[in-house]
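target_39.txt (compact mmCIF, C-alpha atoms)
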# COMPACT_ATOMS: atom_id res chain seq x y z
CA MET A 165 -40.31 -9.50 -10.93
CA THR A 166 -38.78 -10.98 -7.86
CA ASN A 167 -35.68 -12.46 -9.46
CA ASN A 168 -34.13 -9.33 -10.73
CA PRO A 169 -30.57 -10.24 -11.73
CA THR A 170 -29.31 -6.71 -11.27
CA GLU A 171 -30.50 -6.56 -7.68
CA PRO A 172 -27.45 -6.36 -5.42
CA LYS A 173 -26.80 -9.28 -3.11
CA VAL A 174 -25.81 -7.07 -0.23
CA PRO A 175 -27.73 -3.96 0.77
CA ILE A 176 -26.15 -0.69 -0.28
CA THR A 177 -25.43 1.53 2.69
CA PRO A 178 -26.53 5.08 1.93
CA PRO A 179 -23.54 7.44 1.59
CA ASP A 180 -24.59 9.58 4.57
CA LYS A 181 -23.78 6.68 6.89
CA TRP A 182 -20.41 5.90 5.31
CA VAL A 183 -18.42 8.22 7.53
CA ASP A 184 -19.70 6.62 10.73
CA LEU A 185 -19.48 3.05 9.48
CA TYR A 186 -16.32 2.99 7.40
CA GLY A 187 -14.53 6.25 8.26
CA ASP A 188 -12.27 4.79 10.94
CA TYR A 189 -11.61 1.62 8.99
CA LEU A 190 -10.51 3.46 5.86
CA TYR A 191 -8.63 6.10 7.81
CA GLY A 192 -6.69 3.42 9.65
CA PHE A 193 -5.74 1.84 6.35
CA ALA A 194 -4.70 5.14 4.84
CA MET A 195 -2.61 5.95 7.91
CA SER A 196 -0.83 2.63 7.74
CA ARG A 197 0.14 3.35 4.13
CA LEU A 198 0.77 7.10 4.18
CA ARG A 199 1.80 7.78 7.78
CA ASP A 200 0.55 11.36 7.53
CA PRO A 201 -2.79 12.36 9.16
CA GLU A 202 -3.47 15.10 6.64
CA LEU A 203 -2.80 12.95 3.58
CA ALA A 204 -4.77 10.11 5.13
CA SER A 205 -7.90 12.20 5.68
CA ASP A 206 -7.61 13.64 2.16
CA CYS A 207 -7.39 10.11 0.93
CA VAL A 208 -10.53 9.05 2.82
CA GLN A 209 -12.40 12.05 1.47
CA ASP A 210 -11.33 11.31 -2.11
CA THR A 211 -12.38 7.70 -1.66
CA PHE A 212 -15.86 8.62 -0.45
CA LEU A 213 -16.37 11.18 -3.20
CA ALA A 214 -15.24 8.71 -5.86
CA GLY A 215 -17.50 6.13 -4.23
CA ILE A 216 -20.55 8.38 -4.51
CA LYS A 217 -19.81 9.06 -8.17
CA ALA A 218 -19.36 5.40 -8.99
CA LEU A 219 -22.14 4.09 -6.76
CA ASP A 220 -24.33 3.09 -9.71
CA ARG A 221 -21.54 0.81 -10.85
CA PHE A 222 -21.45 -1.02 -7.50
CA ASP A 223 -22.46 -4.59 -8.31
CA GLY A 224 -23.20 -5.68 -4.75
CA SER A 225 -21.15 -8.86 -5.01
CA ARG A 226 -19.28 -8.05 -1.81
CA ASP A 227 -19.63 -5.74 1.13
CA ILE A 228 -19.46 -2.06 0.25
CA LYS A 229 -16.69 -1.70 2.81
CA PHE A 230 -14.35 -3.77 0.65
CA TRP A 231 -15.54 -2.04 -2.47
CA LEU A 232 -14.55 1.30 -0.93
CA ARG A 233 -11.27 -0.25 0.16
CA GLY A 234 -10.66 -1.16 -3.49
CA ILE A 235 -11.23 2.44 -4.53
CA MET A 236 -8.94 3.55 -1.77
CA ARG A 237 -6.12 1.43 -3.21
CA ASN A 238 -6.01 3.74 -6.23
CA LYS A 239 -6.31 6.83 -4.09
CA ILE A 240 -3.33 5.78 -1.99
CA VAL A 241 -1.28 5.36 -5.17
CA ASP A 242 -2.43 8.83 -6.26
CA GLN A 243 -1.44 10.37 -2.93
CA ILE A 244 2.02 8.83 -3.07
CA ARG A 245 2.41 10.03 -6.67
CA LYS A 246 1.43 13.51 -5.52
CA SER A 247 3.88 13.61 -2.64
CA VAL A 248 6.66 12.33 -4.90
CA LYS A 249 5.86 15.08 -7.41
CA GLU A 250 5.88 17.75 -4.74
CA ASN A 251 9.26 16.43 -3.66
CA LYS A 252 8.02 15.65 -0.20
CA VAL A 253 9.63 12.26 -0.55
CA ASP A 254 13.34 12.52 -0.71
CA ILE A 255 14.39 10.24 -3.53
CA GLU A 256 18.14 10.43 -3.51
CA ALA A 257 20.29 9.70 -6.49
CA GLU A 258 20.73 6.04 -7.22
CA ASP A 259 22.44 4.16 -4.47
CA GLU A 260 25.76 3.87 -6.24
CA ALA A 261 27.34 1.71 -3.61
CA ILE A 262 24.94 -1.16 -4.19
CA LEU A 263 24.47 -0.72 -7.92
CA GLU A 264 28.20 -0.52 -8.54
CA SER A 265 29.18 -3.34 -6.25
CA PHE A 266 30.77 -6.36 -7.83
CA TRP A 267 28.06 -8.76 -6.75
CA PHE A 268 25.24 -6.65 -7.99
CA LYS A 269 26.84 -6.14 -11.39
CA TYR A 270 27.53 -9.78 -11.98
CA SER A 271 24.82 -11.54 -10.07
CA GLY A 272 22.14 -8.94 -9.29
CA ILE A 273 22.39 -9.86 -5.63
CA ALA A 274 23.38 -7.08 -3.28
CA THR A 275 24.93 -9.21 -0.61
CA THR A 276 25.65 -12.86 -0.99
CA ASN A 277 25.75 -13.51 2.69
CA PRO A 278 22.67 -12.14 4.44
CA ASP A 279 22.50 -13.01 8.13
CA PRO A 280 19.92 -15.64 8.98
CA TRP A 281 16.91 -14.60 11.06
CA GLU A 282 17.46 -14.44 14.79
CA PHE A 283 14.12 -16.16 15.25
CA ASN A 284 11.91 -18.06 12.88
CA PRO A 285 9.18 -15.61 11.87
CA ARG A 286 6.92 -18.41 10.62
CA LYS A 287 6.48 -19.66 14.17
CA HIS A 288 4.77 -16.42 15.13
CA PHE A 289 2.34 -16.15 12.23
CA ASP A 290 -0.61 -17.16 14.41
CA ASN A 291 0.26 -14.66 17.11
CA GLY A 292 -1.83 -11.52 16.72
CA GLU A 293 0.68 -9.48 18.65
CA PHE A 294 3.38 -10.25 16.08
CA TRP A 295 1.40 -8.53 13.35
CA ILE A 296 0.88 -5.42 15.46
CA VAL A 297 4.65 -5.22 15.88
CA PHE A 298 5.07 -5.96 12.17
CA GLN A 299 2.82 -3.05 11.28
CA LYS A 300 4.72 -0.71 13.57
CA CYS A 301 7.97 -1.84 11.99
CA ILE A 302 6.68 -1.05 8.50
CA ASP A 303 5.91 2.47 9.75
CA GLN A 304 9.51 2.87 10.85
CA VAL A 305 11.12 1.95 7.55
CA LYS A 306 12.84 5.04 6.15
CA ASP A 307 11.11 7.05 3.51
CA PRO A 308 11.63 6.32 -0.17
CA ALA A 309 12.12 2.65 0.65
CA ARG A 310 8.86 2.57 2.60
CA GLN A 311 6.83 4.07 -0.26
CA ALA A 312 8.32 1.59 -2.70
CA PHE A 313 7.55 -1.25 -0.34
CA VAL A 314 3.97 -0.10 0.25
CA LEU A 315 3.27 0.28 -3.46
CA ARG A 316 4.97 -2.82 -4.77
CA VAL A 317 4.38 -5.27 -1.96
CA LEU A 318 1.41 -4.18 0.13
CA GLU A 319 -0.70 -2.60 -2.60
CA ASP A 320 0.51 -5.12 -5.17
CA GLN A 321 1.21 -2.76 -8.05
CA SER A 322 3.31 -3.99 -10.96
CA THR A 323 6.99 -3.06 -11.18
CA GLU A 324 6.35 -0.79 -14.18
CA ASP A 325 3.54 1.06 -12.39
CA VAL A 326 5.60 1.67 -9.27
CA CYS A 327 8.49 2.97 -11.37
CA LYS A 328 6.13 5.34 -13.14
CA VAL A 329 4.50 6.56 -9.94
CA MET A 330 7.78 7.14 -8.14
CA ASP A 331 9.66 8.19 -11.26
CA ILE A 332 12.56 5.82 -10.72
CA THR A 333 14.31 3.12 -12.71
CA PRO A 334 13.58 -0.60 -12.08
CA ASN A 335 17.13 -1.02 -10.81
CA TYR A 336 16.63 1.63 -8.18
CA LEU A 337 13.29 0.15 -7.21
CA TRP A 338 15.16 -3.09 -6.66
CA VAL A 339 17.59 -1.29 -4.38
CA LEU A 340 14.76 0.40 -2.46
CA LEU A 341 12.90 -2.86 -1.96
CA HIS A 342 16.07 -4.55 -0.88
CA ARG A 343 16.68 -1.80 1.63
CA ALA A 344 13.10 -1.94 2.89
CA ARG A 345 13.31 -5.69 3.40
CA ALA A 346 16.64 -5.43 5.19
CA GLN A 347 15.38 -2.65 7.46
CA LEU A 348 12.18 -4.50 8.19
CA LYS A 349 14.15 -7.54 9.20
CA THR A 350 16.40 -5.56 11.54
CA LEU A 351 13.45 -3.71 13.07
CA LEU A 352 11.49 -6.91 13.58
CA GLU A 353 14.45 -8.57 15.22
CA GLN A 354 14.91 -5.63 17.57
CA ASN A 355 11.28 -5.08 18.47
CA TRP A 356 9.95 -8.59 18.48
CA THR A 357 12.74 -10.22 20.49
CA GLN A 358 12.15 -7.57 23.18
CA ILE A 359 8.47 -8.47 23.46
CA ASP A 360 8.97 -12.18 23.01
CA ASN A 361 11.50 -12.39 25.83
CA LYS A 362 9.21 -10.72 28.33
CA MET B 159 21.30 -21.37 -19.10
CA LEU B 160 20.33 -18.35 -17.06
CA THR B 161 22.74 -16.04 -15.32
CA CYS B 162 22.48 -15.15 -11.63
CA LYS B 163 21.46 -11.64 -12.58
CA GLN B 164 18.52 -12.80 -14.65
CA VAL B 165 17.48 -15.20 -11.92
CA SER B 166 17.63 -12.71 -9.08
CA SER B 167 15.71 -10.06 -10.99
CA ALA B 168 13.02 -12.59 -11.93
CA LEU B 169 12.80 -13.71 -8.31
CA ALA B 170 12.68 -10.19 -6.96
CA GLN B 171 9.94 -9.18 -9.37
CA GLY B 172 7.91 -12.10 -8.17
CA ASP B 173 6.48 -12.79 -11.59
CA TYR B 174 8.13 -16.15 -12.16
CA LYS B 175 4.69 -17.76 -12.25
CA ASN B 176 4.02 -15.97 -15.54
CA LEU B 177 7.24 -17.17 -17.13
CA PRO B 178 7.15 -19.75 -19.92
CA PRO B 179 7.55 -23.31 -18.54
CA LEU B 180 11.01 -23.96 -19.95
CA ARG B 181 12.37 -20.76 -18.49
CA ARG B 182 10.74 -21.53 -15.17
CA PHE B 183 12.38 -24.93 -15.21
CA PHE B 184 15.83 -23.40 -15.72
CA LEU B 185 15.08 -20.85 -13.04
CA LYS B 186 14.20 -23.55 -10.54
CA MET B 187 17.25 -25.55 -11.44
CA HIS B 188 19.52 -22.55 -11.06
CA VAL B 189 18.08 -21.71 -7.64
CA LYS B 190 18.59 -25.30 -6.52
CA LEU B 191 22.18 -25.49 -7.75
CA CYS B 192 23.53 -22.00 -7.12
CA PRO B 193 24.38 -21.32 -3.47
CA PHE B 194 24.07 -17.53 -3.86
CA CYS B 195 20.72 -17.50 -5.59
CA GLY B 196 19.51 -20.22 -3.25
CA LYS B 197 20.25 -18.13 -0.21
CA PHE B 198 18.81 -15.03 -1.80
CA ASN B 199 15.68 -16.92 -2.74
CA THR B 200 15.20 -18.29 0.78
CA GLN B 201 15.35 -14.84 2.33
CA LEU B 202 13.10 -13.41 -0.30
CA MET B 203 10.53 -16.15 0.17
CA GLU B 204 10.54 -15.59 3.92
CA SER B 205 9.82 -11.93 3.46
CA GLN B 206 7.18 -12.56 0.80
CA ASP B 207 5.42 -15.18 2.91
CA MET B 208 5.39 -12.81 5.81
CA VAL B 209 3.83 -10.02 3.80
CA ARG B 210 1.24 -12.39 2.35
CA GLU B 211 0.25 -13.45 5.86
CA PHE B 212 0.18 -9.85 6.98
CA ARG B 213 -2.16 -8.87 4.19
CA GLU B 214 -4.56 -11.61 5.19
CA LYS B 215 -4.48 -10.71 8.86
CA GLU B 216 -4.52 -6.99 8.19
CA GLU B 217 -8.31 -6.66 8.19
CA LYS B 218 -8.48 -7.71 11.81
CA LEU B 219 -5.87 -5.22 12.91
CA THR B 220 -7.91 -2.12 12.25
CA GLY B 221 -8.70 -1.77 15.96
CA GLU B 222 -5.03 -1.07 16.55
CA ARG B 223 -4.99 1.79 14.11
CA PRO B 224 -5.50 5.50 14.65
CA ALA B 225 -9.12 6.59 14.28
CA MET B 226 -10.48 9.72 12.68
CA GLY B 227 -11.16 12.73 14.86
CA GLU B 228 -14.82 13.65 15.50
CA GLU B 229 -14.32 17.12 14.08
CA GLN B 230 -12.90 15.65 10.89
CA LYS B 231 -15.83 13.29 10.61
CA GLU B 232 -18.34 16.13 10.87
CA LYS B 233 -16.49 18.03 8.18
CA LEU B 234 -16.42 15.02 5.93
CA LYS B 235 -20.12 14.36 6.49
CA LYS B 236 -20.92 17.89 5.38
CA ILE B 237 -18.88 17.49 2.21
CA LEU B 238 -20.57 14.20 1.43
CA ALA B 239 -24.03 15.64 2.09
CA GLU B 240 -23.32 18.46 -0.37
CA GLN B 241 -22.24 15.95 -2.99
CA THR B 242 -25.23 13.65 -2.62
CA GLY B 243 -27.67 16.55 -2.46
CA SER B 244 -26.56 18.14 -5.70

Target encoding structure tokens, full file:
Amino acid sequence: MTNNPTEPKVPITPPDKWVDLYGDYLYGFAMSRLRDPELASDCVQDTFLAGIKALDRFDGSRDIKFWLRGIMRNKIVDQIRKSVKENKVDIEAEDEAILESFWFKYSGIATTNPDPWEFNPRKHFDNGEFWIVFQKCIDQVKDPARQAFVLRVLEDQSTEDVCKVMDITPNYLWVLLHRARAQLKTLLEQNWTQIDNK
Amino acid sequence: MLTCKQVSSALAQGDYKNLPPLRRFFLKMHVKLCPFCGKFNTQLMESQDMVREFREKEEKLTGERPAMGEEQKEKLKKILAEQTGS
């Protein structure tokens, strides 16, 4: 039989070559999400081990690199859950100031008058350098807000899942995301205008 | 009619595409008419667009990221070899 439907469309790389081929790629991803070398290498290891176990379920519809990346998505969530449980992430009590503010109570909007961007970020979307700065800025966002941002926005988890993982209420998640966005904007304005003016 | 609070939480959750059509219509109308929600929505969209772009471009950025140490790689290879062997 030459037309075997179960035959994968892309060749499966044997697991002993995974470390050389995909190690750096996955590690880089893990670092960008977890910011901790130890957690990141644990995460890569877990991904590879889970990959070996599930290898017979690999359907070969896309490159194994992206398949492993998909597994890693779950592992990153697990790692963040673990560090939240071990209280490594400092989740303070609800940010009363925002939650209690008049505007939030009646409109759900923390500040009705956010400053406009100092530059138009859309103009720089094609500039590779902008995204390198962007990535560095995400790394600098302060802790519980960064985890919330990574989970909800970058890893695209649902609101309920993020709340469960981080053990917070949806309102507080809203505050964290708001803070992450505000910080990211400030950081981008600081760092990018410096580079752009050079 | 929807209140600002309902609108902003729907916008922030980003799931307005899954809302029933009539609700989505009111949501759109509110955002168009209300100066506060309009401004909020604009900023939110900017940030969401940016992240969407970033996620697309992210794959190409891996060269800029920290790589694994050689020692770590050797260790990992050993662990993997044990797993595949057994």

Contact check, chain B to chain A, at most 6 Å, counting only C-alpha atoms, closest pairs as a Markdown table:
| residue | atom | partner | partner_atom | distance |
| --- | --- | --- | --- | --- |
| B:Cys162 | CA | A:Ser271 | CA | 4.6 |
| B:Lys163 | CA | A:Ser271 | CA | 4.2 |
| B:Ser166 | CA | A:Gly272 | CA | 5.9 |
| B:Phe194 | CA | A:Thr276 | CA | 5.7 |
| B:Arg223 | CA | A:Gly192 | CA | 5.0 |
| B:Pro224 | CA | A:Gly192 | CA | 5.5 |
| B:Ala225 | CA | A:Asp188 | CA | 4.9 |
| B:Met226 | CA | A:Asp188 | CA | 5.5 |

Selection above as a file: C-alpha atoms, as a tab-separated table (two decimals), in the frame of the given file:
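Wrote result.tsv, looks like this:
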chain	number	residue	atom	x	y	z
B	162	CYS	CA	22.48	-15.15	-11.63
B	163	LYS	CA	21.46	-11.64	-12.58
B	166	SER	CA	17.63	-12.71	-9.08
B	194	PHE	CA	24.07	-17.53	-3.86
B	223	ARG	CA	-4.99	1.79	14.11
B	224	PRO	CA	-5.50	5.50	14.65
B	225	ALA	CA	-9.12	6.59	14.28
B	226	MET	CA	-10.48	9.72	12.68

For the atom pair atom CA of Glu353 of chain A and atom CA of Lys197 of chain B, what is the interatomic distance in Å to one decimal place?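 Interatomic distance, atom CA of Glu353 of chain A to atom CA of Lys197 of chain B: 19.1 Å.
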
Show which residues sit within 9 Å of Leu352 of chain A, as number ranges by chain. Count only C-alpha atoms, and ignore same-chain residues fewer than 5 positions away. A: 297-298, 301, 347, 357

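The closest residue to Gln230 of chain B, picked from A:Asp227, A:Glu202, A:Asp220, A:Asp242 and counting all atoms listed in the file, is A:Glu202.
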
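Atom CA of Leu337 of chain A to atom CA of Ala168 of chain B spans 13.6 Å [interatomic distance, one decimal].
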
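The spacing separating atom CA of Arg310 of chain A from atom CA of Gln243 of chain A amounts to 14.1 Å.
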